[in-house]
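Everything on this sheet refers to the single structure shown next.
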Amino acid sequence: MSSTASPTLPQQPGTPRLDLPPVPLARPGRWLAAALVALLVLWFVWIVFNNPNFQWRVVGKYLFSKEILDGVKLTIELTISAMLIGMTLGLTAALMRLSDNKLLSTAAKGYIVFFRGTPALVQLIFWFNLAALFPRMTLGVPFFGPDLLSIDANAIITPVVAANLGLGLCEGAYMSEIIRAGILSVDPGQREAAAALGLTRAQAMRRIILPQALRVIVPPTGNQIIGMLKLTSLASVISVTELLSAAGLIYTRTYETIPLLIVASIWYVALTGLLTIVQRLIERRLGRSVQDAGPATG
Amino acid sequence: MIEIRDLHKRFGHVEVLKGVDLTVDMGKVVCVIGPSGSGKSTLLRCINHLERPDAGYILVNGHFVGYRVVGDRLHEVRELDLCASRASIGMVFQRFNLFQNMTVLDNVTLAPKLALRVAAADAERKALALLERVGLANKKDRYPNRLSGGEQQRVAIARALAMEPRVMLFDEATSALDPELVGEVLDVMRALARDGMTMVVVTHEIGFAREVADEVVFMDQGVVAERGPPSQVLQAPREARTREFLARLL
């Protein structure tokens, strides 16, 4: 106890076996948590498949029925067209916002504030009822000039057109912010180098800035497309027979509400999964010039 | 060749250039030295109109860059005319600024194809010759981020030369490089000077200035404080602030 001799050394280890990998640390807590989760999942699956009210037979019956498949087709079409409108508007608004001209950038800002600030559902209903505001649509000289063409608004604004307008305009506001962030993420030196070489601003944007901005633009755009896929279900309120409406039309007839909602959900999940795979492939392709960025040579 | 008269440029409240005069004759190499913040980079960037001067004028090859004379006033030119002026002025940046989304070869061929409408095959042949000249023909299919800083800067020089410029501007071309890579870039610049290229070189490489420059310009606080042959400005400066600057550098 009172000894002042040299401190005791830890027990000398034997020579460890270096031909075997070190034994990993045991983590009982982690195992316990994993077992608990597995148990919960099993329990959930057991409940779902043993509850007759889910009516899995009915799900199977309608999963590939013509009505549902038509709905799936319309959902896909609506997603694509609304996204195309959104991306076009988004790119235009982004370029306008980055313009030196105050009027252009303010106009773009106003568009974003308005369409990001109103719910997509409100817009869908608004566009659907456009005929109440403008009973006739005319093509002619603005203000007081003569009309060249005049059509009943209800003939143009069909439910599908209203859905495209509402979803596309809304999407454009979000896409413009994504695209603007992408453009701003590119090193300003790239633009300067292009200018110094005698390229026009448009050439620099198309060949140098936007291709590099894509790396920042693509991942959130993938999210937007997936979001749009599900947002199209809002169009059911203006009687567009997309996937959810198609399911709805059936269950109001047969009262098989839950199985048909499951049918719709299965399709939404499947389409989302497909989009996720496509997104990964595109991201990998875009990342090419960065991913092979190993150590520099020489 | 390059004629700069009474050039003024301010950023907000800071007046960066306070009346700069400079003449660079055909085939001459002018090195611009001076402390940071003295306005030497801004001066260079005014020459190809990356910065727009507030007053004074710049003539390159007898033409105003970015302006034309109408009556007794200067008018801004259309974008395509400005681009045409810039096409004959090559510029090399401190941070290389190679186009990250393109291979080395595409970096060199892009501007000749777009701005000069050179046929793709001709642009490629020329680019390969230039890459050969800077010793990087074997890296033509690499992306810029796979190259060392020195290699990137040599590609950037080849890219500028592909436009067959009549003047080359170097904006601290070696300042962002690791010390052991500075030499390879200076070698390329030295060869270019030997071939008779008209060059304006903003640099901290006093050795390079002493060896290659026909004239050394010392800038301080937005004006040209001293100018002359390197033997005078670098070896026997007349101005106290030139002496001070050189003493701090060595």
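How things are named: the first chain in the structure tokens is A, the next is B, and so on; residues count from 1 in each chain; ligands count from 1 in the order shown.
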So which residues of segment 94-214 of chain B fall under alpha helix (DSSP H) by DSSP, listed as a ChimeraX atom specification? /B:104-115,120-133,149-161,179-194,206-212
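For segment 62-148 of chain B, the set of residues given strand (DSSP E) by DSSP on the backbone reads B:His63, B:Phe64, B:Tyr67, B:Arg68, B:Val69, B:Val70, B:Arg73, B:Leu74, B:His75, B:Glu76, B:Ile89, B:Gly90, B:Met91, B:Val92.
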May I have the residues of chain B within 6 Å of chain A, counting only C-alpha atoms, written as a ChimeraX atom specification? /B:83,86-87,97,115,145-148
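Closest approach to Asp6 of chain B among B:Val224, B:Gly196, B:Gly149, B:Arg117: B:Val224, based on only C-alpha atoms.
With only C-alpha atoms as the atoms that count, the minimum distance from Leu169 of chain A to the choices A:Val237, A:Ile258, A:Val113, A:Leu20 is reached by A:Val113.
In this model, the gap between atom CA of Met168 of chain B and atom CA of Ser41 of chain B comes to 13.8 Å.
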Could you work out how far atom CA of Leu186 of chain B lies from atom CA of Leu130 of chain B, giving the answer in Å with one decimal? 16.2 Å
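Among the candidate residues B:Gly228, B:Gly39, B:Gly207, B:Gly90, the one lying nearest to Arg159 of chain B is B:Gly90, with distances computed using only C-alpha atoms.
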Hey, what's within 7 Å of Phe218 of chain B if we count only C-alpha atoms and toss same-chain stuff fewer than 6 positions away? As an NGL selection string, please? :B and (32-34 or 224-227 or 242)
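Every protein, DNA or RNA residue with an atom at most 7 Å from Gly150 of chain B, where only C-alpha atoms count and chain neighbours fewer than 6 positions away do not, is listed here: Leu177, Leu181, Val182, Glu184 and Val185 of chain B.
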Output N, CA and C atoms of each residue in that selection to a file, as a PDB file, in the first residue's frame.
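Now in selection_26.pdb:
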ATOM      1  N   LEU B 177      -0.715  27.399 -57.455  1.00  0.00           N
ATOM      2  CA  LEU B 177      -0.037  26.112 -57.681  1.00  0.00           C
ATOM      3  C   LEU B 177       0.885  25.754 -56.525  1.00  0.00           C
ATOM      4  N   LEU B 181       5.106  22.812 -58.838  1.00  0.00           N
ATOM      5  CA  LEU B 181       4.417  22.789 -60.127  1.00  0.00           C
ATOM      6  C   LEU B 181       4.522  24.123 -60.868  1.00  0.00           C
ATOM      7  N   VAL B 182       5.070  25.143 -60.165  1.00  0.00           N
ATOM      8  CA  VAL B 182       5.146  26.476 -60.769  1.00  0.00           C
ATOM      9  C   VAL B 182       6.033  26.458 -62.014  1.00  0.00           C
ATOM     10  N   GLU B 184       6.749  24.231 -64.355  1.00  0.00           N
ATOM     11  CA  GLU B 184       6.256  23.718 -65.634  1.00  0.00           C
ATOM     12  C   GLU B 184       5.366  24.736 -66.346  1.00  0.00           C
ATOM     13  N   VAL B 185       4.617  25.520 -65.558  1.00  0.00           N
ATOM     14  CA  VAL B 185       3.751  26.538 -66.164  1.00  0.00           C
ATOM     15  C   VAL B 185       4.591  27.711 -66.662  1.00  0.00           C
TER      16      VAL B 185
END
Of A:Ile238, A:Ile178, A:Ala82, A:Asp70, the one sitting nearest Trp127 of chain A when using only C-alpha atoms is A:Ile238
Could you give me, as a ChimeraX atom specification, the residues within 12 Å of Ser99 of chain A, counting only C-alpha atoms and dropping anything in the same chain fewer than 5 positions from it? /A:92-94,104-109,180,201
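In this comparison, which uses only C-alpha atoms, the residue of B:Ala121, B:Val70, B:Ala84, B:Val29 approaching Glu211 of chain B most closely is B:Val29.
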